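Trainee: Just so it is clear, I am handing over run-v3.tsv, which has TSV, C-alpha atoms and all ligand atoms.
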```
chain	number	residue	atom	x	y	z
P	1	MET	CA	-24.42	-21.96	-8.65
P	2	ILE	CA	-20.92	-20.51	-8.87
P	3	ASN	CA	-18.08	-22.76	-7.77
P	4	VAL	CA	-14.98	-21.29	-6.21
P	5	GLY	CA	-11.50	-22.73	-5.66
P	6	ILE	CA	-9.27	-21.16	-3.01
P	7	LEU	CA	-5.49	-21.30	-3.36
P	8	GLY	CA	-4.02	-21.10	0.15
P	9	TYR	CA	-5.81	-21.65	3.47
P	10	GLY	CA	-3.78	-19.16	5.48
P	11	THR	CA	-5.12	-16.11	7.31
P	12	VAL	CA	-6.91	-14.50	4.34
P	13	GLY	CA	-7.85	-17.74	2.55
P	14	SER	CA	-9.53	-19.14	5.67
P	15	GLY	CA	-11.26	-15.76	6.12
P	16	VAL	CA	-12.67	-16.03	2.58
P	17	PHE	CA	-13.88	-19.57	3.35
P	18	ASP	CA	-15.51	-18.39	6.60
P	19	ILE	CA	-17.26	-15.42	4.96
P	20	LEU	CA	-18.55	-17.42	1.99
P	21	ARG	CA	-19.99	-19.96	4.44
P	22	GLY	CA	-21.03	-17.58	7.25
P	23	ASN	CA	-22.80	-15.07	4.98
P	24	GLU	CA	-23.85	-17.64	2.38
P	25	LYS	CA	-27.52	-16.61	2.16
P	26	LEU	CA	-26.91	-12.87	2.06
P	27	ILE	CA	-24.14	-13.33	-0.52
P	28	ALA	CA	-26.38	-15.49	-2.72
P	29	GLU	CA	-29.15	-12.86	-2.60
P	30	ARG	CA	-26.80	-10.02	-3.47
P	31	ALA	CA	-24.75	-11.90	-6.06
P	32	GLY	CA	-27.90	-13.29	-7.67
P	33	GLU	CA	-26.54	-16.82	-7.38
P	34	GLU	CA	-25.25	-19.21	-4.75
P	35	ILE	CA	-21.46	-19.10	-4.35
P	36	SER	CA	-19.96	-22.32	-3.06
P	37	VAL	CA	-16.37	-23.31	-2.21
P	38	LYS	CA	-15.61	-26.50	-4.15
P	39	HIS	CA	-11.86	-26.88	-3.48
P	40	VAL	CA	-9.29	-25.37	-1.13
P	41	LEU	CA	-5.64	-25.95	-1.99
P	42	ASP	CA	-3.08	-26.10	0.78
P	43	LEU	CA	-0.02	-28.22	1.47
P	44	ARG	CA	-1.11	-28.73	5.06
P	45	ASP	CA	-3.85	-30.91	6.56
P	46	PHE	CA	-6.50	-29.43	8.85
P	47	PRO	CA	-7.92	-32.33	10.86
P	48	GLY	CA	-11.35	-31.59	12.30
P	49	ASN	CA	-11.65	-28.27	10.40
P	50	PRO	CA	-14.72	-27.85	8.12
P	51	VAL	CA	-12.31	-27.20	5.26
P	52	GLU	CA	-11.31	-30.89	5.32
P	53	SER	CA	-14.20	-31.92	3.06
P	54	VAL	CA	-12.99	-29.66	0.23
P	55	LEU	CA	-9.24	-29.72	0.90
P	56	THR	CA	-6.83	-30.76	-1.84
P	57	HIS	CA	-3.04	-30.84	-2.07
P	58	ASP	CA	-3.08	-30.87	-5.87
P	59	PHE	CA	-3.47	-27.62	-7.86
P	60	LYS	CA	-4.65	-29.64	-10.90
P	61	ASP	CA	-7.90	-30.41	-9.03
P	62	ILE	CA	-8.76	-26.73	-9.32
P	63	GLU	CA	-7.11	-25.93	-12.66
P	64	THR	CA	-8.80	-28.76	-14.53
P	65	ASP	CA	-12.22	-28.61	-12.84
P	66	GLY	CA	-14.51	-27.11	-15.50
P	67	GLU	CA	-17.13	-26.37	-12.83
P	68	VAL	CA	-14.82	-23.93	-11.00
P	69	GLN	CA	-15.48	-20.50	-12.49
P	70	ILE	CA	-13.70	-18.35	-9.89
P	71	VAL	CA	-10.37	-18.91	-8.18
P	72	VAL	CA	-9.26	-17.01	-5.08
P	73	GLU	CA	-5.49	-16.63	-4.74
P	74	THR	CA	-4.47	-16.05	-1.13
P	75	MET	CA	-1.15	-17.89	-1.13
P	76	GLY	CA	1.02	-14.80	-1.16
P	77	GLY	CA	4.50	-14.58	-2.69
P	78	LEU	CA	5.25	-14.55	-6.39
P	79	HIS	CA	5.88	-18.21	-7.13
P	80	PRO	CA	3.98	-20.42	-7.64
P	81	ALA	CA	1.14	-17.87	-7.20
P	82	TYR	CA	1.93	-16.32	-10.62
P	83	GLU	CA	2.04	-19.67	-12.44
P	84	PHE	CA	-1.18	-20.87	-10.75
P	85	VAL	CA	-3.08	-17.63	-11.42
P	86	LYS	CA	-1.94	-17.51	-15.03
P	87	ALA	CA	-2.95	-21.14	-15.59
P	88	CYS	CA	-6.43	-20.49	-14.13
P	89	LEU	CA	-6.95	-17.34	-16.20
P	90	GLU	CA	-5.86	-19.22	-19.33
P	91	GLN	CA	-8.59	-21.77	-18.55
P	92	GLY	CA	-11.06	-18.86	-18.65
P	93	LYS	CA	-11.54	-18.81	-14.87
P	94	SER	CA	-11.75	-15.48	-13.08
P	95	VAL	CA	-9.19	-14.84	-10.35
P	96	CYS	CA	-9.52	-12.68	-7.24
P	97	THR	CA	-6.36	-12.08	-5.26
P	98	SER	CA	-5.13	-10.30	-2.14
P	99	ASN	CA	-1.50	-10.62	-3.29
P	100	LYS	CA	-0.02	-7.14	-3.82
P	101	ALA	CA	3.36	-8.48	-4.88
P	102	LEU	CA	1.71	-10.49	-7.66
P	103	VAL	CA	-0.39	-7.51	-8.79
P	104	ALA	CA	2.49	-5.01	-8.68
P	105	ASP	CA	4.80	-7.35	-10.62
P	106	PHE	CA	2.42	-8.93	-13.12
P	107	GLY	CA	-0.77	-6.78	-13.09
P	108	PRO	CA	-0.94	-5.73	-16.76
P	109	GLU	CA	-0.10	-9.21	-18.09
P	110	LEU	CA	-2.71	-10.96	-15.91
P	111	ILE	CA	-5.34	-8.30	-16.68
P	112	GLN	CA	-4.72	-8.82	-20.41
P	113	ILE	CA	-5.01	-12.62	-20.17
P	114	ALA	CA	-8.28	-12.22	-18.25
P	115	LYS	CA	-9.57	-9.77	-20.87
P	116	ASP	CA	-8.67	-12.13	-23.74
P	117	ARG	CA	-10.67	-14.93	-22.06
P	118	ASN	CA	-13.66	-12.72	-21.07
P	119	ALA	CA	-12.76	-13.40	-17.45
P	120	SER	CA	-11.87	-11.10	-14.53
P	121	PHE	CA	-8.65	-10.49	-12.66
P	122	LEU	CA	-9.58	-8.54	-9.52
P	123	PHE	CA	-7.45	-7.41	-6.58
P	124	GLU	CA	-9.43	-5.13	-4.24
P	125	ALA	CA	-7.69	-6.62	-1.17
P	126	SER	CA	-4.18	-5.96	-2.48
P	127	VAL	CA	-4.25	-2.33	-1.30
P	128	GLY	CA	-5.74	-1.14	1.97
P	129	GLY	CA	-6.98	-4.60	3.08
P	130	GLY	CA	-10.69	-4.17	3.79
P	131	ILE	CA	-10.87	-0.57	2.53
P	132	PRO	CA	-12.72	-0.26	-0.78
P	133	ILE	CA	-10.30	1.72	-2.97
P	134	ILE	CA	-9.57	-0.21	-6.18
P	135	ARG	CA	-13.18	-0.39	-7.37
P	136	PRO	CA	-14.03	3.21	-6.37
P	137	LEU	CA	-10.94	4.37	-8.25
P	138	GLN	CA	-12.06	2.39	-11.31
P	139	SER	CA	-15.75	3.27	-11.18
P	140	SER	CA	-16.99	6.00	-8.83
P	141	LEU	CA	-14.02	8.27	-9.57
P	142	SER	CA	-13.78	7.42	-13.26
P	143	PRO	CA	-15.12	10.80	-14.51
P	144	ASP	CA	-12.26	12.57	-12.74
P	145	ASP	CA	-8.71	13.36	-13.70
P	146	ILE	CA	-6.86	12.12	-10.60
P	147	LEU	CA	-4.52	14.90	-9.51
P	148	GLU	CA	-3.08	13.29	-6.42
P	149	ILE	CA	-3.19	10.15	-4.28
P	150	SER	CA	-1.62	10.07	-0.86
P	151	GLY	CA	-2.04	7.34	1.66
P	152	ILE	CA	-1.08	5.74	4.89
P	153	LEU	CA	-0.79	2.37	3.25
P	154	ASN	CA	0.94	0.26	5.87
P	155	GLY	CA	-0.57	-0.56	9.26
P	156	THR	CA	2.64	-1.86	10.85
P	157	THR	CA	4.58	1.36	10.32
P	158	ASN	CA	1.62	3.56	11.22
P	159	TYR	CA	1.30	1.63	14.48
P	160	ILE	CA	5.03	2.01	15.22
P	161	LEU	CA	5.03	5.77	14.52
P	162	THR	CA	1.85	6.26	16.57
P	163	GLU	CA	3.35	4.36	19.53
P	164	MET	CA	6.64	6.27	19.28
P	165	ARG	CA	4.72	9.53	19.50
P	166	GLU	CA	2.29	8.52	22.23
P	167	LYS	CA	4.85	6.74	24.44
P	168	GLY	CA	7.92	8.81	23.63
P	169	ALA	CA	9.63	5.49	22.84
P	170	ASP	CA	12.36	4.70	20.33
P	171	PHE	CA	11.91	2.74	17.10
P	172	ASP	CA	13.62	-0.49	18.23
P	173	SER	CA	11.63	-0.95	21.44
P	174	VAL	CA	8.31	-0.17	19.75
P	175	LEU	CA	9.13	-2.60	16.93
P	176	LYS	CA	9.89	-5.32	19.48
P	177	ASP	CA	6.56	-4.70	21.25
P	178	ALA	CA	4.74	-4.66	17.91
P	179	GLN	CA	6.27	-8.04	17.02
P	180	ALA	CA	5.24	-9.49	20.40
P	181	LEU	CA	1.66	-8.26	19.81
P	182	GLY	CA	1.56	-9.66	16.26
P	183	TYR	CA	1.35	-6.18	14.65
P	184	ALA	CA	4.73	-6.63	12.99
P	185	GLU	CA	6.22	-9.62	11.18
P	186	ALA	CA	9.23	-11.49	12.58
P	187	ASP	CA	11.03	-10.10	9.51
P	188	PRO	CA	9.61	-6.57	9.32
P	189	THR	CA	11.81	-5.40	6.43
P	190	ALA	CA	9.09	-5.08	3.78
P	191	ASP	CA	7.00	-2.92	6.11
P	192	VAL	CA	9.60	-0.75	7.87
P	193	GLU	CA	11.65	-0.13	4.71
P	194	GLY	CA	8.53	0.99	2.82
P	195	HIS	CA	8.57	-1.82	0.20
P	196	ASP	CA	4.99	-2.87	1.02
P	197	ALA	CA	3.68	0.70	0.70
P	198	CYS	CA	5.70	1.13	-2.51
P	199	ARG	CA	3.89	-1.74	-4.24
P	200	LYS	CA	0.55	-0.36	-3.04
P	201	ILE	CA	1.12	3.17	-4.35
P	202	ALA	CA	2.41	1.66	-7.63
P	203	ILE	CA	-0.86	-0.28	-7.99
P	204	LEU	CA	-3.04	2.75	-7.19
P	205	THR	CA	-1.08	5.02	-9.51
P	206	SER	CA	-1.22	2.51	-12.37
P	207	LEU	CA	-5.00	2.27	-11.96
P	208	ALA	CA	-5.47	6.03	-11.69
P	209	TYR	CA	-3.70	6.64	-15.01
P	210	GLY	CA	-4.32	3.33	-16.79
P	211	LYS	CA	-0.59	2.86	-17.51
P	212	ASN	CA	1.99	0.75	-15.75
P	213	VAL	CA	4.16	2.08	-12.96
P	214	ASP	CA	7.24	-0.03	-12.34
P	215	PHE	CA	7.47	0.03	-8.54
P	216	HIS	CA	11.28	-0.27	-8.75
P	217	GLU	CA	11.26	3.29	-10.13
P	218	ILE	CA	9.49	4.78	-7.10
P	219	TYR	CA	11.83	6.39	-4.59
P	220	THR	CA	11.22	4.55	-1.30
P	221	GLU	CA	12.44	5.47	2.15
P	222	GLY	CA	11.42	3.59	5.29
P	223	ILE	CA	11.08	4.64	8.92
P	224	THR	CA	14.17	2.98	10.43
P	225	LYS	CA	16.02	6.28	10.69
P	226	ILE	CA	13.16	8.09	12.46
P	227	THR	CA	14.09	8.74	16.08
P	228	ASP	CA	12.23	9.93	19.15
P	229	ARG	CA	13.87	13.35	18.61
P	230	ASP	CA	12.36	13.61	15.10
P	231	ILE	CA	8.96	12.90	16.61
P	232	ALA	CA	9.54	15.49	19.35
P	233	TYR	CA	10.43	18.12	16.74
P	234	ALA	CA	7.36	17.26	14.66
P	235	ASP	CA	5.24	17.58	17.81
P	236	LYS	CA	6.77	20.98	18.52
P	237	MET	CA	5.88	22.02	14.98
P	238	GLY	CA	2.27	20.92	15.55
P	239	GLY	CA	2.64	17.96	13.21
P	240	LYS	CA	3.09	14.19	13.16
P	241	VAL	CA	5.56	11.98	11.34
P	242	LYS	CA	3.74	9.54	9.05
P	243	ILE	CA	5.05	7.32	6.28
P	244	CYS	CA	3.01	8.11	3.18
P	245	GLY	CA	2.88	6.72	-0.29
P	246	SER	CA	2.05	9.49	-2.70
P	247	SER	CA	1.69	10.20	-6.37
P	248	LYS	CA	0.95	13.55	-7.92
P	249	LYS	CA	0.22	14.53	-11.48
P	250	VAL	CA	2.80	16.96	-12.88
P	251	GLY	CA	1.85	17.77	-16.48
P	252	GLU	CA	1.84	14.47	-18.35
P	253	ARG	CA	4.11	12.80	-15.80
P	254	VAL	CA	3.59	11.63	-12.24
P	255	SER	CA	5.77	12.28	-9.23
P	256	ALA	CA	5.61	9.28	-6.88
P	257	MET	CA	7.35	8.50	-3.62
P	258	VAL	CA	7.16	6.55	-0.37
P	259	ALA	CA	8.80	8.36	2.53
P	260	PRO	CA	8.26	9.63	6.07
P	261	VAL	CA	6.64	13.06	5.99
P	262	ILE	CA	5.56	15.58	8.58
P	263	ILE	CA	1.87	16.28	8.21
P	264	TYR	CA	-0.28	18.89	9.93
P	265	PRO	CA	-3.82	18.74	11.34
P	266	ASP	CA	-5.30	20.31	8.19
P	267	ASN	CA	-4.37	17.12	6.32
P	268	PRO	CA	-7.10	14.45	6.78
P	269	LEU	CA	-4.36	11.80	7.11
P	270	TYR	CA	-3.14	13.49	10.32
P	271	SER	CA	-5.73	11.74	12.48
P	272	VAL	CA	-5.18	8.27	11.00
P	273	ASP	CA	-3.36	6.48	13.82
P	274	GLY	CA	-2.50	2.98	15.01
P	275	VAL	CA	-2.90	0.10	12.57
P	276	PHE	CA	-5.46	1.98	10.46
P	277	ASN	CA	-4.85	2.89	6.82
P	278	ALA	CA	-6.34	5.72	4.77
P	279	ILE	CA	-6.09	6.84	1.19
P	280	LEU	CA	-6.78	10.42	0.15
P	281	VAL	CA	-7.62	10.92	-3.51
P	282	LYS	CA	-7.88	14.32	-5.16
P	283	GLY	CA	-9.97	14.40	-8.34
P	284	ASN	CA	-10.14	17.48	-10.54
P	285	MET	CA	-13.94	17.50	-10.24
P	286	VAL	CA	-14.86	15.67	-7.04
P	287	GLY	CA	-12.13	17.30	-4.93
P	288	ASP	CA	-10.75	15.41	-1.93
P	289	VAL	CA	-12.15	11.97	-1.08
P	290	MET	CA	-10.79	9.85	1.74
P	291	PHE	CA	-11.06	6.09	2.25
P	292	TYR	CA	-10.36	4.88	5.80
P	293	GLY	CA	-10.36	1.52	7.54
P	294	GLN	CA	-8.50	-1.63	8.44
P	295	GLY	CA	-5.63	-2.18	6.04
P	296	ALA	CA	-4.98	-5.72	7.21
P	297	GLY	CA	-6.53	-8.50	9.27
P	298	LYS	CA	-8.24	-11.76	8.42
P	299	LEU	CA	-11.90	-10.82	7.95
P	300	ALA	CA	-11.36	-7.24	6.74
P	301	THR	CA	-9.06	-8.40	3.94
P	302	ALA	CA	-11.15	-11.47	3.19
P	303	SER	CA	-14.26	-9.27	2.93
P	304	ALA	CA	-12.56	-7.33	0.11
P	305	VAL	CA	-11.68	-10.60	-1.65
P	306	VAL	CA	-15.26	-11.85	-1.36
P	307	SER	CA	-16.55	-8.56	-2.80
P	308	ASP	CA	-14.37	-9.31	-5.83
P	309	VAL	CA	-15.71	-12.86	-6.00
P	310	MET	CA	-19.27	-11.48	-6.05
P	311	GLU	CA	-18.34	-8.92	-8.73
P	312	ALA	CA	-16.63	-11.59	-10.84
P	313	GLY	CA	-19.67	-13.84	-10.29
P	314	LYS	CA	-22.02	-11.19	-11.69
P	315	ASN	CA	-19.81	-10.87	-14.77
P	316	ILE	CA	-19.17	-14.49	-15.74
P	317	GLY	CA	-18.68	-14.73	-19.49
P	318	THR	CA	-17.86	-11.05	-19.97
P	319	GLY	CA	-15.27	-10.19	-17.30
P	320	VAL	CA	-14.92	-6.98	-15.30
P	321	PRO	CA	-12.87	-4.44	-17.27
P	322	VAL	CA	-9.76	-3.06	-15.53
P	323	GLN	CA	-8.00	-0.06	-17.08
P	324	TRP	CA	-4.30	-0.82	-16.62
P	325	THR	CA	-2.17	-1.48	-19.68
P	326	ALA	CA	1.50	-2.45	-19.98
P	327	GLU	CA	2.33	1.00	-21.44
P	328	ARG	CA	4.88	2.64	-19.12
P	329	LEU	CA	3.75	5.64	-17.06
P	330	SER	CA	6.44	8.29	-17.10
P	331	LEU	CA	7.59	9.28	-13.60
P	332	VAL	CA	9.22	12.57	-12.63
P	333	PRO	CA	12.87	11.85	-11.65
P	334	LEU	CA	13.44	12.19	-7.90
P	335	LYS	CA	15.86	15.10	-8.31
P	336	GLU	CA	13.07	17.23	-9.85
P	337	SER	CA	10.56	16.44	-7.11
P	338	LYS	CA	9.84	19.43	-4.86
P	339	SER	CA	8.99	19.82	-1.19
P	340	ARG	CA	9.92	21.66	1.98
P	341	PHE	CA	12.40	19.84	4.21
P	342	PHE	CA	12.75	19.62	7.97
P	343	VAL	CA	16.50	19.29	8.63
P	344	ARG	CA	18.55	18.53	11.76
P	345	MET	CA	22.26	19.33	11.98
P	346	ALA	CA	24.81	18.59	14.71
P	347	GLY	CA	26.15	21.68	16.48
P	348	THR	CA	24.61	24.75	18.03
P	349	LYS	CA	22.47	27.39	16.39
P	350	ASP	CA	25.38	29.85	16.42
P	351	GLU	CA	27.66	27.35	14.69
P	352	ASN	CA	25.15	26.58	11.93
P	353	GLU	CA	22.81	29.51	11.36
P	354	GLY	CA	25.05	31.52	9.00
P	355	LYS	CA	26.12	28.68	6.72
P	356	VAL	CA	22.58	27.26	6.61
P	357	GLN	CA	21.22	30.62	5.45
P	358	ASP	CA	23.96	30.89	2.82
P	359	ALA	CA	23.16	27.45	1.46
P	360	PHE	CA	19.36	27.22	1.87
P	361	GLY	CA	18.27	30.88	1.89
P	362	GLU	CA	15.63	31.87	4.45
P	363	VAL	CA	14.73	28.99	6.79
P	364	GLU	CA	12.53	28.69	9.89
P	365	ALA	CA	14.45	27.46	12.94
P	366	VAL	CA	12.72	24.84	15.14
P	367	ASP	CA	13.66	24.65	18.82
P	368	ALA	CA	12.56	21.48	20.61
P	369	GLY	CA	14.97	21.96	23.49
P	370	PHE	CA	17.99	20.03	22.13
P	371	SER	CA	20.92	22.41	22.53
P	372	ASP	CA	23.44	20.10	20.80
P	373	GLU	CA	21.77	20.44	17.42
P	374	TYR	CA	20.23	22.97	15.06
P	375	ALA	CA	16.95	22.20	13.28
P	376	PHE	CA	15.14	24.16	10.62
P	377	VAL	CA	12.52	24.00	7.87
P	378	THR	CA	13.46	25.05	4.33
P	379	GLY	CA	11.31	26.77	1.77
P	380	GLU	CA	10.04	24.65	-1.13
P	381	MET	CA	12.96	23.31	-3.14
P	382	SER	CA	13.80	20.45	-5.48
P	383	GLU	CA	15.57	17.33	-4.23
P	384	ALA	CA	18.54	18.32	-6.40
P	385	ALA	CA	18.71	21.81	-4.85
P	386	TYR	CA	18.38	20.26	-1.38
P	387	GLU	CA	21.29	17.86	-2.03
P	388	GLU	CA	23.41	20.74	-3.34
P	389	ALA	CA	22.69	22.82	-0.22
P	390	VAL	CA	23.52	19.86	2.04
P	391	GLN	CA	26.90	19.49	0.28
P	392	ALA	CA	27.63	23.09	1.25
P	393	VAL	CA	26.65	22.80	4.94
P	394	GLY	CA	28.03	19.32	5.69
P	395	ALA	CA	26.31	16.19	6.91
P	396	VAL	CA	22.85	16.40	8.41
P	397	ILE	CA	21.59	14.14	11.21
P	398	ASN	CA	18.25	13.56	9.48
P	399	LYS	CA	15.77	15.17	7.15
P	400	ILE	CA	12.05	14.66	6.76
P	401	ARG	CA	9.96	16.05	3.96
P	402	ILE	CA	6.97	18.20	4.83
P	403	SER	CA	3.67	17.24	3.27
E	1	LIG	N1	2.06	-5.74	6.41
E	1	LIG	C1	0.96	-5.00	5.87
E	1	LIG	C2	0.66	-3.82	6.78
E	1	LIG	C3	-0.23	-5.90	5.73
E	1	LIG	O1	1.26	-3.72	7.87
E	1	LIG	O2	-0.12	-2.96	6.41
E	1	LIG	C4	-1.21	-5.50	4.68
E	1	LIG	O3	-0.66	-5.40	3.41
```
Kindly transcribe the structure held in the file into structure tokens.
Ligand code: HSE
Mentor:
Amino acid sequence: MINVGILGYGTVGSGVFDILRGNEKLIAERAGEEISVKHVLDLRDFPGNPVESVLTHDFKDIETDGEVQIVVETMGGLHPAYEFVKACLEQGKSVCTSNKALVADFGPELIQIAKDRNASFLFEASVGGGIPIIRPLQSSLSPDDILEISGILNGTTNYILTEMREKGADFDSVLKDAQALGYAEADPTADVEGHDACRKIAILTSLAYGKNVDFHEIYTEGITKITDRDIAYADKMGGKVKICGSSKKVGERVSAMVAPVIIYPDNPLYSVDGVFNAILVKGNMVGDVMFYGQGAGKLATASAVVSDVMEAGKNIGTGVPVQWTAERLSLVPLKESKSRFFVRMAGTKDENEGKVQDAFGEVEAVDAGFSDEYAFVTGEMSEAAYEEAVQAVGAVINKIRIS
């Protein structure tokens, strides 16, 4: 029998509890051993809930219980999650977490502690919720040199952009509706400013190359400046605006970014709408592989955590190896990153066309029926060259990179 302690009985933690109980027999058959929840830590009481019989308010009950081999961390936040996880790993317990902030900030250190104790530190649910991506990246795709990862990594922003397009609505009203429906947090900053997706692409990129990406170094742009006009232009161009996290191998370095992009129907991410997430991985041998599913939600995310618990359970005493060291992965500076840009400028076509051509060279004009502005798509250029051209033409209303 494997005994589990759960830190945090919130949405995901209670989902883990429900799955381990609800699918107990099937899990025991597949894991080769019964997996039982011995303690659940939470500050709150849950009168009448089945968790009551295993509920504790004291972390020490889990940390010092020699019979607990696996700890699930579903508290969220960095502190005390970091201190609790570290303490459990140092006791030789394996830890499975859904906490992307913890993994993005402390991944290499916690992986090393687990390795030193022949234990596991696993985090399948930290990216893409219920979508299997961490383990496939570490195992099924391990023969490949990963050339590129691009993903719709945040359900809240994908929902907002989908609604803006389908309803012709503006960002603020869609955000308000999304909050009322529970698809967006009361404080949506981490989602709409791209911080959540940034941590996720940092985790995926670190795993793909085995070296650490500091997520602070990844250029991150959210969707708060995207307007209904941007969406109308993208529509006119036959594309959609999506916020993507991406990383691409450029020689020995990696170019990584989170930003809104216009994507076209030939990109498999084009049809990923609503709250769904998808991650497209390009291997040098396997080619394109896409992982699609629910990037959030109680049971989807908890299912990914339980898959880690089962994996850790099969590897008690040895640990599951994770290739991600503290060595820094070198990122291409933003100014060297290249793309085509969709650009909107105030003023008519006649007022802008000449100076735009002088600054950007040949561009393709885009007419979506707004006579008070001039919009165009540039050829491929570096961010530095783009900024230089913008200096020459004056302020732009908005720009969106083209995938
Ligand atoms: N806020 C996240 C999202 C939840 O909207 O995708 C999963 O990390």
Trainee: Quick one: which chain P residues come within 6 Å of ligand LIG 1 (chain E), and what is the nearest atom pair for each with the distance in Å to one decimal, counting all atoms listed in the file, rows ordered by chain and ascending number, as a tab-separated table?
Mentor:
```
residue	atom	partner	partner_atom	distance
P:Asn154	CA	E:LIG1	O2	3.4
P:Gly155	CA	E:LIG1	O2	3.8
P:Thr156	CA	E:LIG1	O1	3.8
P:Asp191	CA	E:LIG1	N1	5.7
P:Gly295	CA	E:LIG1	O2	5.6
P:Ala296	CA	E:LIG1	C4	4.5
```
Trainee: If you measure from atom CA of P:Arg117 to atom CA of P:Ile201, what distance in Å do you get, rounded to one decimal?
Mentor: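 Answer for the atom CA of P:Arg117 to atom CA of P:Ile201 separation: 27.9 Å.
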Trainee: Nearest residue to P:Lys38 out of P:Leu26, P:Gly66, P:Cys244, P:Ser307, using all atoms listed in the file?
Mentor: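 So, comparing all the options, the nearest one is P:Gly66.
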Trainee: Identify which of the residues P:Tyr183, P:Phe291, P:Phe59, P:Phe171 lies closest to P:Ser150, counting all atoms listed in the file when measuring atom-to-atom distances.
Mentor: P:Phe291
Trainee: Between P:Val281, P:Val37, P:Val4, P:Ile111, which one has atoms that come closest to P:Leu269, using only C-alpha atoms?
Mentor: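 Smallest separation from P:Leu269 among the options: P:Val281.
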Trainee: Would you mind listing what lies within 7 Å of stretch 5-14 of chain P as a ChimeraX atom specification, with only C-alpha atoms counted and same-chain residues fewer than 5 positions away left out?
Mentor: /P:37-42,62,68,70-75,298,301-302
Trainee: How many Å lie between atom CA of P:Asn3 and atom CA of P:Ser36, rounded to one decimal?
Mentor: 5.1 Å
Trainee: Between P:Gly15, P:Pro333, P:Gly394, P:Gly369, which is the closest to P:Lys355 once you count only C-alpha atoms?
Mentor: P:Gly394
Trainee: Determine the nearest neighbour of P:Arg44 from the options P:Thr56, P:Asn23, P:Thr162, P:Ser382, counting all atoms listed in the file.
Mentor: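 Checking each of P:Thr56, P:Asn23, P:Thr162, P:Ser382 against P:Arg44, counting all atoms listed in the file, the winner is P:Thr56.
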